[in-house]
Amino acid sequence: MKLKVLVLALTTLTAVIGTADWAADFPLSRSLLSQWQWGGSGQSQTLLKDRILDEGETEAAFRARSLAIREKVAAADLEGLDTWWRTRTISDPHKYLLPVILARLSLGEQYDRQQIWDILLGLDEGKPDLYHFRSPYDIRIFFLFRDTMPKAVQDSYRSMVDSPRVREWLEQGTENHQFMQRISGLALMDGSGFPTPLPATAATNEAWLRAELNKFLTIGQGEFHSSTYYGYAIAGLLNLYDFADTPELRQLAKAALDWYAVNMAVRFSWGTAGGAESRGFDRGTWDDSGLNKLPRPAKS
């Protein structure tokens, strides 16, 4: 099933429906429409056709925006950023470089691939700590481009599930930090096929995710309605949904994503999120809400 969970946050219709599963079944294909045994009026069938065309236009518009954003991010001075962090005390350089690297890799051969890989490898060698803000990008780069990355880069990713680095996927932090790190690490451990000498790491992170999901469904989110931090937690969950091999793990990720989607949808009105929240502000939500910047998940 195609997960289009974040589309819920963009329409009032899905806020009324209140479930991400409904959105996952659309748009209907034209071939399905041609086989539809329609029992209603011709006008209703025309409306359905119009809806399908509208959905196609929406998808095309999304792809155009995606390309424009990636081209904009990729145009940043990656070499300058690499020099910048090495000449200063920067604790989290991946946060600044990995988005540019991922954007450039997504654009095919527009940029020198070897230069990108060299900078990525040097970044891991210079700052090997596996921390929250690098994890969502790192894991996505690995899975999307593992078949074309040099062996040295793939080996650096393999070391992330080997001892002693694998222990770092258990680090503590605030709610969104743990979703970024623990769940992205779980995706790497489950989907990469790399053996790990410490399998309890993955088991512990899975247990943590189950506990978080139970918390969501009983007492709610710790960083409640945080427009600033929703996206960070969702990024880790998308990694697990998109790249885990174990169906149960993908279902756990989907359950958490559905919960986020419904909560986002019910808070949207007139194209923006509002109301009380923690770790964020509803001021400026028309033009500066974190919820309005969330990416769509990869299709599976």
# chains A, B, ... in the order shown; residues from 1 in each chain; ligands from 1
call {"tool": "residues_around", "arguments": {"residues": "region 169-177 of chain A", "least_positions_apart": "4", "cutoff": "7 Å", "atoms": "only C-alpha atoms", "output": "count of residues only"}}
result
10
call {"tool": "select_by_dssp", "arguments": {"residues": "region 89-186 of chain A", "states": "helix (DSSP H, G or I)", "output": "PyMOL selection string"}}
result
chain A and resi 94-106+113-126+132-145+151-161+165-170+175-186
call {"tool": "atom_distance", "arguments": {"atom1": "CA of Leu186 (chain A)", "atom2": "CA of Arg158 (chain A)"}}
result
13.4 Å
call {"tool": "atom_distance", "arguments": {"atom1": "CA of Leu213 (chain A)", "atom2": "CA of Ala255 (chain A)"}}
result
7.7 Å
call {"tool": "closest_atom_pairs", "arguments": {"of": "region 205-250 of chain A", "to": "region 136-139 of chain A", "cutoff": "9 Å", "atoms": "only C-alpha atoms", "output": "JSON lines"}}
result
{"residue": "A:Tyr232", "atom": "CA", "partner": "A:Pro136", "partner_atom": "CA", "distance": 8.1}
{"residue": "A:Ala235", "atom": "CA", "partner": "A:Pro136", "partner_atom": "CA", "distance": 5.9}
{"residue": "A:Gly236", "atom": "CA", "partner": "A:Pro136", "partner_atom": "CA", "distance": 5.6}
{"residue": "A:Leu238", "atom": "CA", "partner": "A:Pro136", "partner_atom": "CA", "distance": 8.7}
{"residue": "A:Asn239", "atom": "CA", "partner": "A:Pro136", "partner_atom": "CA", "distance": 7.0}
call {"tool": "write_last_selection", "arguments": {"atoms": "N, CA, C and O atoms", "output": "PDB file, in the first residue's frame"}}
result
ATOM      1  N   TYR A 232      10.979  16.095  12.556  1.00  0.00           N
ATOM      2  CA  TYR A 232      12.161  15.324  12.918  1.00  0.00           C
ATOM      3  C   TYR A 232      11.785  13.896  13.316  1.00  0.00           C
ATOM      4  O   TYR A 232      12.436  12.931  12.901  1.00  0.00           O
ATOM      5  N   ALA A 235      10.650  11.922  10.285  1.00  0.00           N
ATOM      6  CA  ALA A 235      11.751  11.525   9.400  1.00  0.00           C
ATOM      7  C   ALA A 235      12.326  10.176   9.806  1.00  0.00           C
ATOM      8  O   ALA A 235      12.610   9.319   8.958  1.00  0.00           O
ATOM      9  N   GLY A 236      12.505   9.953  11.111  1.00  0.00           N
ATOM     10  CA  GLY A 236      13.006   8.663  11.567  1.00  0.00           C
ATOM     11  C   GLY A 236      12.022   7.547  11.275  1.00  0.00           C
ATOM     12  O   GLY A 236      12.408   6.448  10.845  1.00  0.00           O
ATOM     13  N   LEU A 238       9.773   7.460   8.894  1.00  0.00           N
ATOM     14  CA  LEU A 238       9.739   7.202   7.459  1.00  0.00           C
ATOM     15  C   LEU A 238      10.882   6.299   7.029  1.00  0.00           C
ATOM     16  O   LEU A 238      10.722   5.450   6.139  1.00  0.00           O
ATOM     17  N   ASN A 239      12.048   6.468   7.653  1.00  0.00           N
ATOM     18  CA  ASN A 239      13.160   5.575   7.341  1.00  0.00           C
ATOM     19  C   ASN A 239      12.797   4.133   7.658  1.00  0.00           C
ATOM     20  O   ASN A 239      13.082   3.221   6.876  1.00  0.00           O
TER      21      ASN A 239
END
call {"tool": "residues_around", "arguments": {"residues": "region 67-84 of chain A", "least_positions_apart": "3", "cutoff": "12 Å", "atoms": "only C-alpha atoms", "output": "PyMOL selection string"}}
result
chain A and resi 60-64+87-90+93-108+110-112+115-124+126-127+293+295
call {"tool": "decode", "arguments": {"residues": "region 206-221 of chain A", "atoms": "all heavy atoms", "output": "CSV table (one decimal), in the first residue's frame"}}
result
chain,number,residue,atom,x,y,z
A,206,GLU,N,13.3,-1.4,19.1
A,206,GLU,CA,11.9,-1.9,18.8
A,206,GLU,C,11.0,-1.8,20.0
A,206,GLU,O,9.9,-1.3,19.9
A,206,GLU,CB,11.9,-3.3,18.2
A,206,GLU,CG,10.5,-3.8,17.9
A,206,GLU,CD,10.5,-5.2,17.4
A,206,GLU,OE1,11.6,-5.8,17.1
A,206,GLU,OE2,9.4,-5.8,17.4
A,207,ALA,N,11.5,-2.2,21.1
A,207,ALA,CA,10.7,-2.2,22.4
A,207,ALA,C,10.4,-0.7,22.7
A,207,ALA,O,9.3,-0.4,23.2
A,207,ALA,CB,11.5,-2.8,23.5
A,208,TRP,N,11.4,0.2,22.5
A,208,TRP,CA,11.2,1.6,22.8
A,208,TRP,C,10.1,2.2,21.9
A,208,TRP,O,9.2,2.9,22.3
A,208,TRP,CB,12.5,2.4,22.6
A,208,TRP,CG,12.4,3.8,22.8
A,208,TRP,CD1,12.4,4.5,24.0
A,208,TRP,CD2,12.1,4.8,21.8
A,208,TRP,NE1,12.2,5.8,23.8
A,208,TRP,CE2,12.0,6.1,22.5
A,208,TRP,CE3,11.9,4.8,20.4
A,208,TRP,CZ2,11.8,7.3,21.8
A,208,TRP,CZ3,11.7,6.0,19.8
A,208,TRP,CH2,11.6,7.2,20.5
A,209,LEU,N,10.1,1.8,20.6
A,209,LEU,CA,9.1,2.3,19.7
A,209,LEU,C,7.7,1.8,20.1
A,209,LEU,O,6.7,2.5,20.1
A,209,LEU,CB,9.4,1.8,18.2
A,209,LEU,CG,8.4,2.1,17.2
A,209,LEU,CD1,8.1,3.6,17.1
A,209,LEU,CD2,8.8,1.6,15.8
A,210,ARG,N,7.6,0.5,20.5
A,210,ARG,CA,6.3,0.0,21.0
A,210,ARG,C,5.8,0.8,22.2
A,210,ARG,O,4.6,1.1,22.3
A,210,ARG,CB,6.4,-1.5,21.3
A,210,ARG,CG,6.6,-2.4,20.1
A,210,ARG,CD,6.8,-3.9,20.4
A,210,ARG,NE,7.0,-4.7,19.3
A,210,ARG,CZ,6.1,-5.2,18.5
A,210,ARG,NH1,4.8,-5.0,18.8
A,210,ARG,NH2,6.4,-5.9,17.5
A,211,ALA,N,6.7,1.1,23.1
A,211,ALA,CA,6.3,1.8,24.3
A,211,ALA,C,5.9,3.3,23.9
A,211,ALA,O,4.9,3.8,24.5
A,211,ALA,CB,7.5,1.9,25.3
A,212,GLU,N,6.6,3.9,22.9
A,212,GLU,CA,6.2,5.2,22.5
A,212,GLU,C,4.8,5.2,21.8
A,212,GLU,O,4.0,6.1,22.1
A,212,GLU,CB,7.2,5.8,21.5
A,212,GLU,CG,8.5,6.2,22.2
A,212,GLU,CD,8.3,7.3,23.1
A,212,GLU,OE1,7.9,8.4,22.7
A,212,GLU,OE2,8.5,7.1,24.3
A,213,LEU,N,4.6,4.2,21.0
A,213,LEU,CA,3.3,4.1,20.4
A,213,LEU,C,2.2,3.9,21.4
A,213,LEU,O,1.1,4.5,21.3
A,213,LEU,CB,3.3,2.9,19.4
A,213,LEU,CG,2.0,2.7,18.5
A,213,LEU,CD1,1.7,4.0,17.7
A,213,LEU,CD2,2.2,1.6,17.5
A,214,ASN,N,2.4,3.0,22.4
A,214,ASN,CA,1.4,2.9,23.5
A,214,ASN,C,1.2,4.2,24.2
A,214,ASN,O,0.1,4.5,24.6
A,214,ASN,CB,1.9,1.8,24.4
A,214,ASN,CG,1.0,1.5,25.6
A,214,ASN,OD1,-0.1,1.0,25.3
A,214,ASN,ND2,1.3,1.9,26.8
A,215,LYS,N,2.3,5.0,24.4
A,215,LYS,CA,2.1,6.3,25.0
A,215,LYS,C,1.2,7.2,24.2
A,215,LYS,O,0.4,7.9,24.7
A,215,LYS,CB,3.5,6.9,25.2
A,215,LYS,CG,3.5,8.2,25.9
A,215,LYS,CD,4.9,8.8,26.0
A,215,LYS,CE,5.3,9.4,24.7
A,215,LYS,NZ,6.6,10.1,24.7
A,216,PHE,N,1.5,7.2,22.9
A,216,PHE,CA,0.7,8.0,22.0
A,216,PHE,C,-0.8,7.7,22.1
A,216,PHE,O,-1.7,8.6,22.2
A,216,PHE,CB,1.1,7.8,20.5
A,216,PHE,CG,2.4,8.4,20.2
A,216,PHE,CD1,2.9,8.2,18.9
A,216,PHE,CD2,3.1,9.2,21.0
A,216,PHE,CE1,4.1,8.8,18.5
A,216,PHE,CE2,4.3,9.8,20.7
A,216,PHE,CZ,4.8,9.6,19.4
A,217,LEU,N,-1.1,6.4,22.2
A,217,LEU,CA,-2.5,6.0,22.2
A,217,LEU,C,-3.2,6.0,23.5
A,217,LEU,O,-4.4,5.8,23.6
A,217,LEU,CB,-2.6,4.6,21.6
A,217,LEU,CG,-2.1,4.4,20.2
A,217,LEU,CD1,-2.1,2.9,19.8
A,217,LEU,CD2,-2.9,5.2,19.2
A,218,THR,N,-2.4,6.3,24.6
A,218,THR,CA,-3.0,6.4,25.9
A,218,THR,C,-3.0,7.8,26.5
A,218,THR,O,-4.0,8.4,26.8
A,218,THR,CB,-2.3,5.4,26.8
A,218,THR,OG1,-0.9,5.6,26.8
A,218,THR,CG2,-2.7,4.0,26.4
A,219,ILE,N,-1.7,8.4,26.7
A,219,ILE,CA,-1.6,9.7,27.3
A,219,ILE,C,-1.2,10.8,26.3
A,219,ILE,O,-1.2,11.9,26.6
A,219,ILE,CB,-0.7,9.6,28.5
A,219,ILE,CG1,0.7,9.3,28.0
A,219,ILE,CG2,-1.2,8.7,29.5
A,219,ILE,CD1,1.8,9.4,29.2
A,220,GLY,N,-0.8,10.4,25.1
A,220,GLY,CA,-0.4,11.3,24.1
A,220,GLY,C,1.1,11.6,24.0
A,220,GLY,O,1.9,10.9,24.6
A,221,GLN,N,1.5,12.5,23.1
A,221,GLN,CA,2.8,12.8,22.8
A,221,GLN,C,3.5,13.7,23.9
A,221,GLN,O,2.9,14.6,24.4
A,221,GLN,CB,2.9,13.5,21.5
A,221,GLN,CG,4.2,13.9,20.9
A,221,GLN,CD,4.1,14.8,19.7
A,221,GLN,OE1,3.1,15.4,19.5
A,221,GLN,NE2,5.2,15.0,19.0
